[in-house]
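Next comes data-v3.txt, a file with compact mmCIF, C-alpha atoms and all ligand atoms.
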```txt
# COMPACT_ATOMS: atom_id res chain seq x y z
CA MET J 1 -13.93 11.87 -20.32
CA ASN J 2 -16.30 9.77 -18.26
CA PHE J 3 -16.56 10.18 -14.49
CA GLN J 4 -19.36 7.63 -14.23
CA LEU J 5 -18.71 4.55 -12.08
CA THR J 6 -19.92 1.27 -13.60
CA GLU J 7 -22.57 -1.00 -12.05
CA GLU J 8 -19.75 -3.27 -10.86
CA HIS J 9 -17.89 -0.38 -9.22
CA LEU J 10 -21.03 0.72 -7.41
CA ALA J 11 -21.69 -2.85 -6.25
CA VAL J 12 -18.16 -3.21 -4.84
CA GLN J 13 -18.46 0.17 -3.12
CA ALA J 14 -21.83 -0.79 -1.59
CA ALA J 15 -20.54 -4.18 -0.43
CA ALA J 16 -17.49 -2.60 1.24
CA ARG J 17 -19.65 0.08 2.89
CA GLU J 18 -22.08 -2.54 4.20
CA PHE J 19 -19.26 -4.72 5.52
CA ALA J 20 -17.56 -1.77 7.23
CA GLN J 21 -20.77 -0.67 8.93
CA THR J 22 -21.91 -4.10 10.09
CA GLU J 23 -18.64 -5.94 10.75
CA LEU J 24 -15.95 -3.34 11.41
CA LEU J 25 -17.76 -0.59 13.29
CA PRO J 26 -18.76 -2.76 16.27
CA GLY J 27 -15.68 -3.07 18.45
CA VAL J 28 -13.47 -0.65 16.53
CA ILE J 29 -12.92 1.60 19.57
CA GLU J 30 -12.05 -1.37 21.77
CA ARG J 31 -9.66 -2.85 19.21
CA ASP J 32 -7.90 0.51 18.97
CA GLU J 33 -7.65 0.89 22.72
CA HIS J 34 -6.37 -2.62 23.37
CA GLN J 35 -4.30 -2.89 20.18
CA LYS J 36 -6.36 -5.91 19.16
CA PHE J 37 -5.80 -7.26 15.66
CA PRO J 38 -9.12 -7.58 13.74
CA ALA J 39 -8.53 -11.29 13.06
CA GLU J 40 -12.16 -12.36 12.56
CA GLN J 41 -12.91 -9.32 10.43
CA ILE J 42 -9.88 -9.93 8.20
CA LYS J 43 -10.98 -13.54 7.75
CA LYS J 44 -14.40 -12.34 6.59
CA MET J 45 -12.79 -9.78 4.31
CA GLY J 46 -10.94 -12.67 2.68
CA GLU J 47 -14.17 -14.60 2.23
CA LEU J 48 -15.77 -11.55 0.60
CA GLY J 49 -12.84 -11.18 -1.81
CA PHE J 50 -11.28 -8.03 -0.34
CA MET J 51 -7.83 -9.52 0.28
CA GLY J 52 -6.90 -10.27 -3.32
CA MET J 53 -9.20 -7.97 -5.22
CA MET J 54 -7.08 -7.43 -8.32
CA VAL J 55 -5.58 -10.92 -8.56
CA ASP J 56 -6.51 -13.08 -11.54
CA PRO J 57 -9.38 -15.47 -10.58
CA LYS J 58 -7.20 -18.40 -11.70
CA TYR J 59 -5.06 -17.67 -8.60
CA GLY J 60 -8.08 -17.21 -6.34
CA GLY J 61 -8.45 -13.45 -6.72
CA GLY J 62 -11.38 -11.22 -7.58
CA GLY J 63 -10.09 -10.14 -11.01
CA MET J 64 -11.21 -6.58 -10.31
CA ASP J 65 -9.68 -3.32 -11.45
CA ALA J 66 -7.75 -0.79 -9.39
CA VAL J 67 -10.71 1.63 -9.42
CA SER J 68 -12.77 -0.99 -7.52
CA TYR J 69 -9.86 -1.38 -5.11
CA VAL J 70 -9.77 2.38 -4.40
CA LEU J 71 -13.54 2.43 -3.81
CA ALA J 72 -13.36 -0.51 -1.40
CA MET J 73 -10.31 0.87 0.42
CA GLU J 74 -12.09 4.19 0.96
CA GLU J 75 -15.17 2.54 2.49
CA ILE J 76 -13.21 0.19 4.77
CA SER J 77 -10.88 3.04 5.87
CA LYS J 78 -13.79 5.31 6.81
CA ILE J 79 -14.47 2.94 9.68
CA ASP J 80 -11.29 1.01 10.46
CA ALA J 81 -7.91 2.06 9.11
CA SER J 82 -6.26 -0.79 11.03
CA ALA J 83 -8.19 -3.31 8.93
CA SER J 84 -7.57 -1.36 5.74
CA VAL J 85 -3.78 -1.32 6.14
CA VAL J 86 -3.82 -5.13 6.37
CA MET J 87 -5.93 -5.15 3.22
CA SER J 88 -3.68 -2.67 1.42
CA VAL J 89 -0.42 -4.46 2.20
CA ASN J 90 -1.85 -7.85 1.27
CA ASN J 91 -3.41 -6.63 -1.98
CA SER J 92 -0.98 -4.15 -3.40
CA LEU J 93 2.39 -5.09 -1.99
CA VAL J 94 2.25 -8.83 -1.48
CA CYS J 95 -0.30 -10.19 -3.99
CA TRP J 96 0.52 -7.72 -6.75
CA GLY J 97 4.27 -8.23 -6.33
CA LEU J 98 3.96 -12.00 -6.50
CA GLU J 99 1.49 -12.02 -9.38
CA THR J 100 3.53 -9.58 -11.45
CA PHE J 101 7.05 -10.86 -10.81
CA GLY J 102 6.73 -14.32 -9.23
CA THR J 103 7.25 -17.68 -10.96
CA GLU J 104 4.30 -19.96 -11.69
CA GLU J 105 5.44 -22.21 -8.80
CA GLN J 106 5.55 -19.25 -6.40
CA LYS J 107 2.09 -18.17 -7.49
CA GLN J 108 0.66 -21.67 -7.02
CA LYS J 109 2.34 -22.12 -3.68
CA TYR J 110 1.74 -18.69 -2.11
CA LEU J 111 -0.46 -16.38 -4.17
CA THR J 112 -3.45 -18.73 -4.33
CA ARG J 113 -3.71 -18.70 -0.52
CA LEU J 114 -2.85 -15.01 -0.10
CA ALA J 115 -5.43 -13.88 -2.65
CA THR J 116 -8.28 -15.66 -0.87
CA GLY J 117 -7.18 -14.32 2.51
CA GLU J 118 -6.57 -17.85 3.80
CA ILE J 119 -3.18 -16.49 4.85
CA ILE J 120 -1.84 -12.94 4.86
CA GLY J 121 1.50 -11.54 3.81
CA ALA J 122 3.99 -8.88 4.88
CA PHE J 123 6.37 -6.67 2.93
CA CYS J 124 9.73 -6.20 4.62
CA LEU J 125 11.85 -3.34 3.33
CA SER J 126 12.37 -0.88 6.22
CA GLU J 127 15.23 -1.35 8.65
CA PRO J 128 16.45 0.47 11.76
CA GLU J 129 18.79 2.46 9.47
CA ALA J 130 17.00 2.22 6.13
CA GLY J 131 13.63 3.96 5.97
CA SER J 132 13.41 6.61 3.27
CA ASP J 133 16.93 5.72 2.11
CA ALA J 134 15.79 2.28 1.07
CA THR J 135 18.93 1.33 -0.89
CA SER J 136 20.96 1.25 2.38
CA GLN J 137 19.95 -2.32 3.18
CA ARG J 138 21.93 -3.90 6.04
CA THR J 139 20.05 -7.19 5.94
CA THR J 140 22.19 -9.61 3.97
CA ALA J 141 21.24 -12.55 1.75
CA GLU J 142 24.48 -14.38 1.15
CA ASP J 143 24.47 -16.55 -1.95
CA LYS J 144 25.29 -20.11 -0.86
CA GLY J 145 24.62 -21.92 -4.12
CA ASP J 146 21.19 -23.45 -3.83
CA TYR J 147 20.03 -21.17 -1.01
CA TYR J 148 20.50 -17.69 0.49
CA LEU J 149 21.65 -17.21 4.07
CA LEU J 150 19.53 -14.38 5.45
CA ASN J 151 20.73 -12.22 8.37
CA GLY J 152 19.45 -8.91 9.69
CA THR J 153 16.58 -6.96 11.21
CA LYS J 154 13.50 -5.38 9.66
CA ASN J 155 11.49 -2.66 11.39
CA TRP J 156 7.86 -1.48 11.55
CA ILE J 157 6.54 -4.42 9.57
CA THR J 158 2.78 -4.40 9.06
CA ASN J 159 1.24 -7.86 9.67
CA GLY J 160 4.50 -8.66 11.50
CA SER J 161 3.16 -11.42 13.71
CA THR J 162 0.04 -12.39 11.78
CA ALA J 163 1.55 -13.01 8.34
CA SER J 164 2.49 -16.45 7.05
CA VAL J 165 4.53 -15.20 4.10
CA TYR J 166 7.10 -12.40 4.22
CA LEU J 167 8.63 -10.71 1.17
CA VAL J 168 12.05 -9.72 2.47
CA ILE J 169 14.41 -7.31 0.71
CA ALA J 170 18.11 -7.95 1.41
CA GLN J 171 21.57 -7.15 0.09
CA THR J 172 23.42 -9.97 -1.66
CA ASP J 173 26.29 -8.06 -3.27
CA VAL J 174 27.29 -4.79 -1.59
CA GLU J 175 29.65 -3.89 -4.46
CA LYS J 176 26.70 -3.72 -6.82
CA GLY J 177 24.73 -1.29 -4.62
CA HIS J 178 21.00 -1.36 -5.31
CA ARG J 179 21.60 -3.74 -8.22
CA GLY J 180 22.92 -6.30 -5.71
CA ILE J 181 19.66 -6.46 -3.71
CA ASN J 182 17.25 -9.43 -3.81
CA ALA J 183 13.64 -10.02 -2.78
CA LEU J 184 13.08 -13.35 -1.03
CA ILE J 185 9.94 -15.18 0.05
CA VAL J 186 10.37 -16.19 3.68
CA GLU J 187 7.94 -18.54 5.38
CA ARG J 188 7.00 -17.90 8.97
CA ASP J 189 8.24 -21.25 10.26
CA MET J 190 11.70 -21.12 8.66
CA GLU J 191 14.42 -21.76 11.22
CA GLY J 192 16.20 -18.63 12.45
CA PHE J 193 13.24 -16.32 11.89
CA ALA J 194 12.03 -14.48 15.01
CA ILE J 195 9.31 -11.91 15.59
CA GLY J 196 10.12 -8.99 17.92
CA PRO J 197 7.70 -7.23 20.29
CA LYS J 198 4.65 -5.40 19.00
CA GLU J 199 5.02 -1.63 18.52
CA ASN J 200 2.81 0.53 20.74
CA LYS J 201 1.61 3.04 18.17
CA LEU J 202 -0.14 6.43 17.97
CA GLY J 203 -2.62 5.22 15.37
CA ILE J 204 -3.75 2.16 13.39
CA ARG J 205 -3.37 0.43 16.73
CA GLY J 206 -5.40 -2.61 15.71
CA SER J 207 -2.85 -3.50 13.04
CA ASP J 208 0.13 -5.46 14.25
CA THR J 209 3.49 -3.87 13.64
CA HIS J 210 6.69 -5.63 14.64
CA SER J 211 10.40 -5.76 14.08
CA LEU J 212 11.59 -9.05 12.60
CA MET J 213 14.92 -10.78 13.14
CA PHE J 214 16.62 -13.16 10.72
CA THR J 215 19.53 -15.24 11.96
CA ASP J 216 21.09 -17.62 9.44
CA VAL J 217 17.73 -18.28 7.81
CA LYS J 218 18.21 -20.63 4.85
CA VAL J 219 15.96 -19.42 2.03
CA PRO J 220 15.87 -21.72 -1.01
CA LYS J 221 16.92 -20.14 -4.31
CA GLU J 222 13.51 -20.86 -5.81
CA ASN J 223 12.10 -18.35 -3.30
CA ARG J 224 13.89 -15.43 -4.94
CA ILE J 225 11.53 -13.12 -6.83
CA GLY J 226 12.85 -12.21 -10.28
CA ASP J 227 16.43 -12.34 -11.49
CA ASP J 228 19.46 -11.97 -9.26
CA GLY J 229 19.72 -8.28 -8.26
CA PHE J 230 16.09 -7.42 -9.07
CA GLY J 231 15.08 -6.89 -5.42
CA PHE J 232 15.30 -3.11 -5.26
CA LYS J 233 13.38 -2.60 -8.48
CA PHE J 234 10.86 -5.12 -7.22
CA ALA J 235 10.42 -3.02 -4.07
CA MET J 236 10.11 0.26 -5.98
CA ALA J 237 7.68 -1.09 -8.58
CA THR J 238 5.55 -2.71 -5.88
CA LEU J 239 5.51 0.41 -3.72
CA ALA J 240 4.36 2.51 -6.69
CA GLY J 241 1.07 0.57 -6.61
CA GLY J 242 1.05 0.35 -2.83
CA ARG J 243 0.90 4.13 -2.72
CA ILE J 244 -2.48 4.05 -4.49
CA GLY J 245 -3.74 1.81 -1.67
CA ILE J 246 -2.44 4.11 1.08
CA ALA J 247 -3.75 7.18 -0.77
CA SER J 248 -7.22 5.57 -0.75
CA GLN J 249 -6.80 4.72 2.91
CA ALA J 250 -6.05 8.40 3.62
CA LEU J 251 -9.06 9.36 1.51
CA GLY J 252 -11.28 7.05 3.55
CA ILE J 253 -9.99 8.38 6.86
CA ALA J 254 -10.76 11.93 5.65
CA SER J 255 -14.22 11.11 4.30
CA GLY J 256 -15.09 9.08 7.40
CA ALA J 257 -14.22 12.06 9.62
CA TYR J 258 -16.10 14.44 7.32
CA GLU J 259 -19.27 12.32 7.41
CA LEU J 260 -19.14 12.26 11.21
CA ALA J 261 -18.63 16.04 11.30
CA VAL J 262 -21.68 16.64 9.05
CA LYS J 263 -23.84 14.34 11.18
CA TYR J 264 -22.75 15.98 14.41
CA ALA J 265 -23.16 19.51 13.03
CA LYS J 266 -26.80 18.76 12.17
CA GLU J 267 -27.53 17.41 15.67
CA ARG J 268 -25.59 19.61 18.06
CA LYS J 269 -27.19 22.89 19.08
CA ALA J 270 -25.37 26.04 20.20
CA PHE J 271 -26.70 29.58 20.57
CA GLY J 272 -30.22 28.26 19.91
CA VAL J 273 -29.61 26.56 16.55
CA GLU J 274 -27.84 23.49 15.12
CA ILE J 275 -24.16 24.33 14.76
CA ALA J 276 -24.49 23.50 11.02
CA LYS J 277 -26.39 26.80 10.76
CA HIS J 278 -23.29 28.74 11.86
CA GLN J 279 -21.09 29.94 9.04
CA ALA J 280 -17.94 29.05 11.01
CA ILE J 281 -18.96 25.38 10.77
CA GLN J 282 -20.33 25.62 7.22
CA PHE J 283 -17.00 26.94 5.94
CA LYS J 284 -15.11 24.12 7.61
CA LEU J 285 -17.41 21.54 6.00
CA ALA J 286 -17.10 23.24 2.61
CA ASP J 287 -13.28 23.11 2.79
CA MET J 288 -13.32 19.48 3.93
CA ALA J 289 -15.69 18.38 1.15
CA THR J 290 -13.72 20.21 -1.55
CA ASN J 291 -10.38 18.78 -0.45
CA ILE J 292 -11.83 15.27 -0.17
CA GLU J 293 -13.29 15.45 -3.66
CA ALA J 294 -9.92 16.55 -5.05
CA ALA J 295 -8.16 13.71 -3.18
CA ARG J 296 -10.72 11.22 -4.50
CA LEU J 297 -10.16 12.35 -8.07
CA LEU J 298 -6.38 11.96 -7.67
CA CYS J 299 -6.83 8.44 -6.26
CA LEU J 300 -9.16 7.46 -9.09
CA GLN J 301 -6.81 9.00 -11.68
CA ALA J 302 -3.91 6.91 -10.35
CA ALA J 303 -6.10 3.79 -10.35
CA TYR J 304 -7.26 4.55 -13.88
CA ASP J 305 -3.63 4.95 -14.99
CA LYS J 306 -2.85 1.55 -13.47
CA ASP J 307 -5.89 -0.06 -15.10
CA THR J 308 -5.01 1.37 -18.51
CA HIS J 309 -1.34 0.34 -18.19
CA ALA J 310 -0.15 3.94 -18.18
CA ASP J 311 2.72 4.99 -15.89
CA TYR J 312 1.23 5.52 -12.42
CA GLY J 313 4.40 6.35 -10.47
CA LYS J 314 3.72 10.10 -10.50
CA SER J 315 -0.08 9.97 -10.22
CA GLY J 316 0.12 7.45 -7.35
CA ALA J 317 2.66 9.62 -5.50
CA MET J 318 0.52 12.74 -6.07
CA ALA J 319 -2.55 10.91 -4.79
CA LYS J 320 -0.73 9.77 -1.66
CA LEU J 321 0.92 13.15 -1.01
CA PHE J 322 -2.35 15.05 -1.33
CA ALA J 323 -4.78 12.56 0.21
CA SER J 324 -2.60 12.08 3.31
CA LYS J 325 -2.42 15.87 3.82
CA VAL J 326 -6.19 16.07 3.41
CA ALA J 327 -6.62 13.20 5.90
CA MET J 328 -4.56 15.04 8.49
CA GLU J 329 -6.26 18.42 7.96
CA THR J 330 -9.78 17.02 7.75
CA THR J 331 -9.52 14.90 10.87
CA VAL J 332 -8.12 17.81 12.90
CA GLU J 333 -11.05 19.96 11.76
CA ALA J 334 -13.55 17.15 12.42
CA VAL J 335 -12.34 17.02 16.03
CA GLN J 336 -12.75 20.81 16.19
CA VAL J 337 -16.34 20.64 14.88
CA HIS J 338 -17.11 18.09 17.61
CA GLY J 339 -15.60 20.34 20.31
CA GLY J 340 -15.13 18.54 23.63
CA TYR J 341 -16.91 15.44 22.33
CA GLY J 342 -14.33 15.16 19.58
CA PHE J 343 -11.65 14.70 22.21
CA VAL J 344 -13.17 11.53 23.62
CA LYS J 345 -13.08 8.09 22.05
CA GLU J 346 -16.83 7.46 21.69
CA TYR J 347 -17.14 9.92 18.82
CA HIS J 348 -14.51 8.20 16.62
CA VAL J 349 -12.91 11.36 15.21
CA GLU J 350 -9.94 11.42 17.60
CA ARG J 351 -9.05 7.89 16.43
CA LEU J 352 -9.30 8.93 12.80
CA MET J 353 -7.01 11.89 13.56
CA ARG J 354 -4.42 9.58 15.11
CA ASP J 355 -4.79 7.09 12.25
CA ALA J 356 -4.33 9.81 9.63
CA LYS J 357 -0.74 10.60 10.62
CA ILE J 358 0.78 7.33 9.43
CA THR J 359 -0.48 7.92 5.89
CA GLN J 360 2.09 10.74 5.65
CA ILE J 361 4.84 8.35 6.74
CA TYR J 362 4.52 4.76 5.49
CA GLU J 363 5.03 3.49 1.96
CA GLY J 364 7.18 6.59 1.43
CA THR J 365 6.92 9.77 3.50
CA SER J 366 5.38 12.90 1.97
CA GLU J 367 8.92 14.15 1.36
CA ILE J 368 9.71 10.94 -0.60
CA GLN J 369 6.53 11.42 -2.67
CA LYS J 370 7.80 14.90 -3.57
CA ILE J 371 11.10 13.36 -4.71
CA VAL J 372 9.25 10.81 -6.87
CA ILE J 373 6.96 13.50 -8.35
CA SER J 374 9.66 16.08 -9.02
CA ARG J 375 11.98 13.52 -10.64
CA GLU J 376 9.17 12.65 -13.05
CA LEU J 377 8.49 16.32 -13.75
CA LEU J 378 12.12 17.06 -14.50
CA LYS J 379 12.90 13.94 -16.54
N1 LIG J 401 9.88 0.92 -10.65
C1 LIG J 401 10.96 0.18 -11.01
N2 LIG J 401 12.23 0.58 -10.75
C2 LIG J 401 12.39 1.75 -10.09
C3 LIG J 401 11.30 2.55 -9.69
C4 LIG J 401 9.98 2.08 -10.00
N3 LIG J 401 8.90 2.77 -9.62
N4 LIG J 401 11.77 3.63 -9.04
C5 LIG J 401 13.13 3.54 -9.06
N5 LIG J 401 13.48 2.41 -9.70
C6 LIG J 401 14.84 1.91 -9.97
C7 LIG J 401 15.66 2.97 -10.73
O1 LIG J 401 15.46 2.87 -12.11
C8 LIG J 401 17.07 2.60 -10.31
O2 LIG J 401 17.55 1.52 -11.08
P1 LIG J 401 18.75 1.72 -12.19
O3 LIG J 401 19.85 2.45 -11.48
O4 LIG J 401 19.09 0.35 -12.60
O5 LIG J 401 18.13 2.54 -13.27
C9 LIG J 401 16.90 2.06 -8.91
O6 LIG J 401 15.52 1.73 -8.74
C10 LIG J 401 17.32 3.04 -7.85
O7 LIG J 401 16.55 4.20 -8.03
P2 LIG J 401 17.05 5.61 -7.53
O8 LIG J 401 18.42 5.88 -8.05
O9 LIG J 401 15.97 6.58 -7.85
O10 LIG J 401 17.19 5.35 -5.95
P3 LIG J 401 17.35 6.36 -4.77
O11 LIG J 401 18.32 5.83 -3.80
O12 LIG J 401 17.54 7.76 -5.26
O13 LIG J 401 15.92 6.22 -4.00
C11 LIG J 401 13.67 6.66 -3.53
C12 LIG J 401 14.72 6.48 -4.59
C13 LIG J 401 12.42 7.09 -4.29
C14 LIG J 401 14.01 7.75 -2.53
C15 LIG J 401 13.43 5.30 -2.81
O14 LIG J 401 14.51 4.97 -1.99
C16 LIG J 401 12.16 5.26 -1.99
O15 LIG J 401 11.06 5.08 -2.53
N6 LIG J 401 12.27 5.38 -0.64
C17 LIG J 401 11.13 5.21 0.24
C18 LIG J 401 10.99 3.79 0.65
C19 LIG J 401 9.60 3.46 1.10
O16 LIG J 401 8.61 3.82 0.48
N7 LIG J 401 9.50 2.70 2.19
C20 LIG J 401 8.25 2.25 2.66
C21 LIG J 401 8.41 1.01 3.44
S1 LIG J 401 7.24 -0.22 3.05
C22 LIG J 401 5.88 0.09 4.01
O17 LIG J 401 5.71 1.11 4.60
C23 LIG J 401 4.87 -1.00 3.97
C24 LIG J 401 3.98 -1.13 5.13
O18 LIG J 401 4.19 -1.97 5.97
C25 LIG J 401 2.74 -0.32 5.20
```

Translate the structure of the given file into structure tokens.
Amino acid sequence: MNFQLTEEHLAVQAAAREFAQTELLPGVIERDEHQKFPAEQIKKMGELGFMGMMVDPKYGGGGMDAVSYVLAMEEISKIDASASVVMSVNNSLVCWGLETFGTEEQKQKYLTRLATGEIIGAFCLSEPEAGSDATSQRTTAEDKGDYYLLNGTKNWITNGSTASVYLVIAQTDVEKGHRGINALIVERDMEGFAIGPKENKLGIRGSDTHSLMFTDVKVPKENRIGDDGFGFKFAMATLAGGRIGIASQALGIASGAYELAVKYAKERKAFGVEIAKHQAIQFKLADMATNIEAARLLCLQAAYDKDTHADYGKSGAMAKLFASKVAMETTVEAVQVHGGYGFVKEYHVERLMRDAKITQIYEGTSEIQKIVISRELLK
């Protein structure tokens, strides 16, 4: 067993850390407050290769492994979880889904631009009445011969108004249940496609989350991903990898808050000494560091499973379940360490606390992760 990161891993980690500090930190509070999408920063992330990290270089990607992806996601998320959710969705849901299941034509047409960050993508599964119960799709994709007629509404879509390519899950044959669902590539300018208002969110406020409306959108048959009826399995398989991305995001939120808490504890004085000298604070930091290390190991285990072509459904779900809990607990404690300063925006920890919550909800709630894990255990 080797826990040593390679030279390449360390270089990716250092590059992501440097980028986060120099490009994401300035303005992060303002973007959060005004719900401003980090457009320039995402463009630069594309130029640096962070938007298609694991994609084969022949399609414009970085050809890196999932371990590198986890390391980069952690560093970016320490500073700006709004930027890292854009990165996670583009890398693990959109690029991975297209590279793994798309046709050569689809890869040439869409993946090559998504992997370089020239354009970004969105993954559209959730609906007003289909969140955790993802098989209950109300959006319909009626088979009309050489095209599908798409009708319905999708909710809480990350990159809702900034994406150019949308992977939309819809029901073609109700009789067949989840085996009658298809995944379609929808382009932003297709007629009948409309973007609803932006959600005003608790956290990750810089990311743009919208509902999307499809009214008689004609999607050519060649835009279907996989065979007829493959859409639900496409969504499940893609989300299994997506959960590694969100787990690493949660890890980054936790470690970002922890680093701020350590720094503050060494500076702030109370009762004549730095608060880091008080056992009450030391014990909090010890718990945070231990939990974060355990979350990191689960994230890296899931990434390693993916890299070695082992089954990563369970390890990815465990990583997300645990890391998101650690993110929530650590950020709450980081605010506590900061006292009154933690409650104001300038100190960053209140934002990280608000950002942490979504990691227990999207790409499968913590309860869904427990379903995925326990089904594997009891197989
Ligand atoms: N890979 C491939 N196929 C899979 C799979 C996987 N990981 N997991 C399940 N499947 C297949 C099953 O084999 C089954 O197919 P067959 O019947 O042909 O064998 C089919 O999918 C249905 O599976 P289940 O019977 O297990 O389905 P279920 O109704 O019990 O639901 C569930 C399972 C795990 C609860 C699933 O509905 C689920 O994951 N729900 C959560 C949805 C979710 O994560 N939403 C997130 C939205 S996306 C998002 O948040 C992105 C963003 O913007 C940040």

Practice task
May I have the protein, DNA and RNA residues with an atom at most 10 Å from (9.6, -12.1, -14.1), counting all atoms listed in the file in the file's coordinates, returned as an MDAnalysis selection string?
Solution key: chainID J and resid 98:104 225:227 230 234

Problem - Residue nearest ligand LIG 401 (chain J) - candidates J:His210, J:Lys345, J:Lys198, J:Lys325, atoms counted: all atoms listed in the file - result: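 Under the stated criterion, the closest residue is J:His210.
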
Given 8 Å and all atoms listed in the file, residues near ligand LIG 401 (chain J) as a compact mmCIF listing (two decimals) with C-alpha atoms, in the frame of the given file:
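So the final result, stored in pocket_19.txt, reads:
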```txt
# COMPACT_ATOMS: atom_id res chain seq x y z
CA VAL J 85 -3.78 -1.32 6.14
CA SER J 88 -3.68 -2.67 1.42
CA VAL J 89 -0.42 -4.46 2.20
CA LEU J 93 2.39 -5.09 -1.99
CA ALA J 122 3.99 -8.88 4.88
CA PHE J 123 6.37 -6.67 2.93
CA CYS J 124 9.73 -6.20 4.62
CA LEU J 125 11.85 -3.34 3.33
CA SER J 126 12.37 -0.88 6.22
CA GLY J 131 13.63 3.96 5.97
CA SER J 132 13.41 6.61 3.27
CA ASP J 133 16.93 5.72 2.11
CA ALA J 134 15.79 2.28 1.07
CA THR J 135 18.93 1.33 -0.89
CA TRP J 156 7.86 -1.48 11.55
CA ILE J 157 6.54 -4.42 9.57
CA THR J 158 2.78 -4.40 9.06
CA ASN J 159 1.24 -7.86 9.67
CA HIS J 178 21.00 -1.36 -5.31
CA ARG J 179 21.60 -3.74 -8.22
CA THR J 209 3.49 -3.87 13.64
CA PHE J 232 15.30 -3.11 -5.26
CA LYS J 233 13.38 -2.60 -8.48
CA PHE J 234 10.86 -5.12 -7.22
CA ALA J 235 10.42 -3.02 -4.07
CA MET J 236 10.11 0.26 -5.98
CA ALA J 237 7.68 -1.09 -8.58
CA THR J 238 5.55 -2.71 -5.88
CA LEU J 239 5.51 0.41 -3.72
CA ALA J 240 4.36 2.51 -6.69
CA GLY J 242 1.05 0.35 -2.83
CA ILE J 246 -2.44 4.11 1.08
CA GLY J 313 4.40 6.35 -10.47
CA ILE J 361 4.84 8.35 6.74
CA TYR J 362 4.52 4.76 5.49
CA GLU J 363 5.03 3.49 1.96
CA GLY J 364 7.18 6.59 1.43
CA THR J 365 6.92 9.77 3.50
CA ILE J 368 9.71 10.94 -0.60
CA GLN J 369 6.53 11.42 -2.67
CA ILE J 371 11.10 13.36 -4.71
CA VAL J 372 9.25 10.81 -6.87
```

Handout entry: Residues within 6 Å of (-4.4, -5.6, -5.0), file coords, all atoms listed in the file, listed as a VMD selection string
Key = chain J and resid 52 to 54 91 to 92 96

What would the file look like if the residues just selected were written as a tab-separated table (two decimals), keeping the file's coordinate frame with C-alpha atoms?
```tsv
chain	number	residue	atom	x	y	z
J	52	GLY	CA	-6.90	-10.27	-3.32
J	53	MET	CA	-9.20	-7.97	-5.22
J	54	MET	CA	-7.08	-7.43	-8.32
J	91	ASN	CA	-3.41	-6.63	-1.98
J	92	SER	CA	-0.98	-4.15	-3.40
J	96	TRP	CA	0.52	-7.72	-6.75
```

Handout entry: Gap from atom CA of Ser255 of chain J to atom CA of Asp80 of chain J - Å, one decimal
Key =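 For atom CA of Ser255 of chain J relative to atom CA of Asp80 of chain J, the distance reads 12.2 Å.
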
Practice task
Fewer than 6 positions away in the same chain doesn't count, so skip those; otherwise give me all residues within 12 Å of Gly152 of chain J, counting all atoms listed in the file, as a PyMOL selection string.
Solution key: chain J and resi 124-130+137-142+168-171+192-194+211-217

Practice task
Find the distance between atom CA of Tyr166 of chain J and atom CA of Val94 of chain J and write it in Å to one decimal.
Solution key: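 So the two atoms, atom CA of Tyr166 of chain J and atom CA of Val94 of chain J, lie 8.3 Å apart.
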
Handout entry: Atom pair atom CA of Thr6 of chain J / atom CA of Thr22 of chain J: separation (Å)
Key =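 Between atom CA of Thr6 of chain J and atom CA of Thr22 of chain J the gap works out to 24.4 Å.
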
Exercise for the section: Counting all atoms listed in the file, figure out which residue out of J:Glu350, J:Glu191, J:Asp65, J:Glu40 gets nearest to Ala254 of chain J. Expected result: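 Ranking J:Glu350, J:Glu191, J:Asp65, J:Glu40 by distance to Ala254 of chain J, first place goes to J:Glu350.
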
Find the nearest atom pair between each residue of segment 151-255 of chain J and segment 70-74 of chain J for residues within 9 Å, count only C-alpha atoms, give distances in Å to one decimal, sort rows by chain and ascending number, and present the table as a Markdown table.
```
| residue | atom | partner | partner_atom | distance |
| --- | --- | --- | --- | --- |
| J:Ile244 | CA | J:Val70 | CA | 7.5 |
| J:Gly245 | CA | J:Val70 | CA | 6.6 |
| J:Ile246 | CA | J:Met73 | CA | 8.5 |
| J:Ala247 | CA | J:Val70 | CA | 8.5 |
| J:Ser248 | CA | J:Glu74 | CA | 5.3 |
| J:Gln249 | CA | J:Glu74 | CA | 5.7 |
| J:Ala250 | CA | J:Glu74 | CA | 7.8 |
| J:Leu251 | CA | J:Glu74 | CA | 6.0 |
| J:Gly252 | CA | J:Glu74 | CA | 3.9 |
| J:Ile253 | CA | J:Glu74 | CA | 7.5 |
| J:Ser255 | CA | J:Glu74 | CA | 8.0 |
```

Exercise for the section: Determine, counting all atoms listed in the file, which protein, DNA and RNA residues have an atom within 6 Å of an atom of segment 202-206 of chain J; residues of the same chain fewer than 2 positions away are not included. Present the result as a list of chain:residue names. Expected result: J:Arg31, J:Asp32, J:Gln35, J:Lys36, J:Phe37, J:Ala81, J:Ser82, J:Arg354, J:Asp355

Take the residues from that selection and write them out as an mmCIF file, keeping the file's coordinate frame, keeping C-alpha atoms.
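Result written to selection-v1.cif:
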```
data_model
loop_
_atom_site.group_PDB
_atom_site.id
_atom_site.type_symbol
_atom_site.label_atom_id
_atom_site.label_comp_id
_atom_site.auth_asym_id
_atom_site.auth_seq_id
_atom_site.Cartn_x
_atom_site.Cartn_y
_atom_site.Cartn_z
ATOM 1 C CA ARG J 31 -9.660 -2.850 19.210
ATOM 2 C CA ASP J 32 -7.900 0.510 18.970
ATOM 3 C CA GLN J 35 -4.300 -2.890 20.180
ATOM 4 C CA LYS J 36 -6.360 -5.910 19.160
ATOM 5 C CA PHE J 37 -5.800 -7.260 15.660
ATOM 6 C CA ALA J 81 -7.910 2.060 9.110
ATOM 7 C CA SER J 82 -6.260 -0.790 11.030
ATOM 8 C CA ARG J 354 -4.420 9.580 15.110
ATOM 9 C CA ASP J 355 -4.790 7.090 12.250
#
```
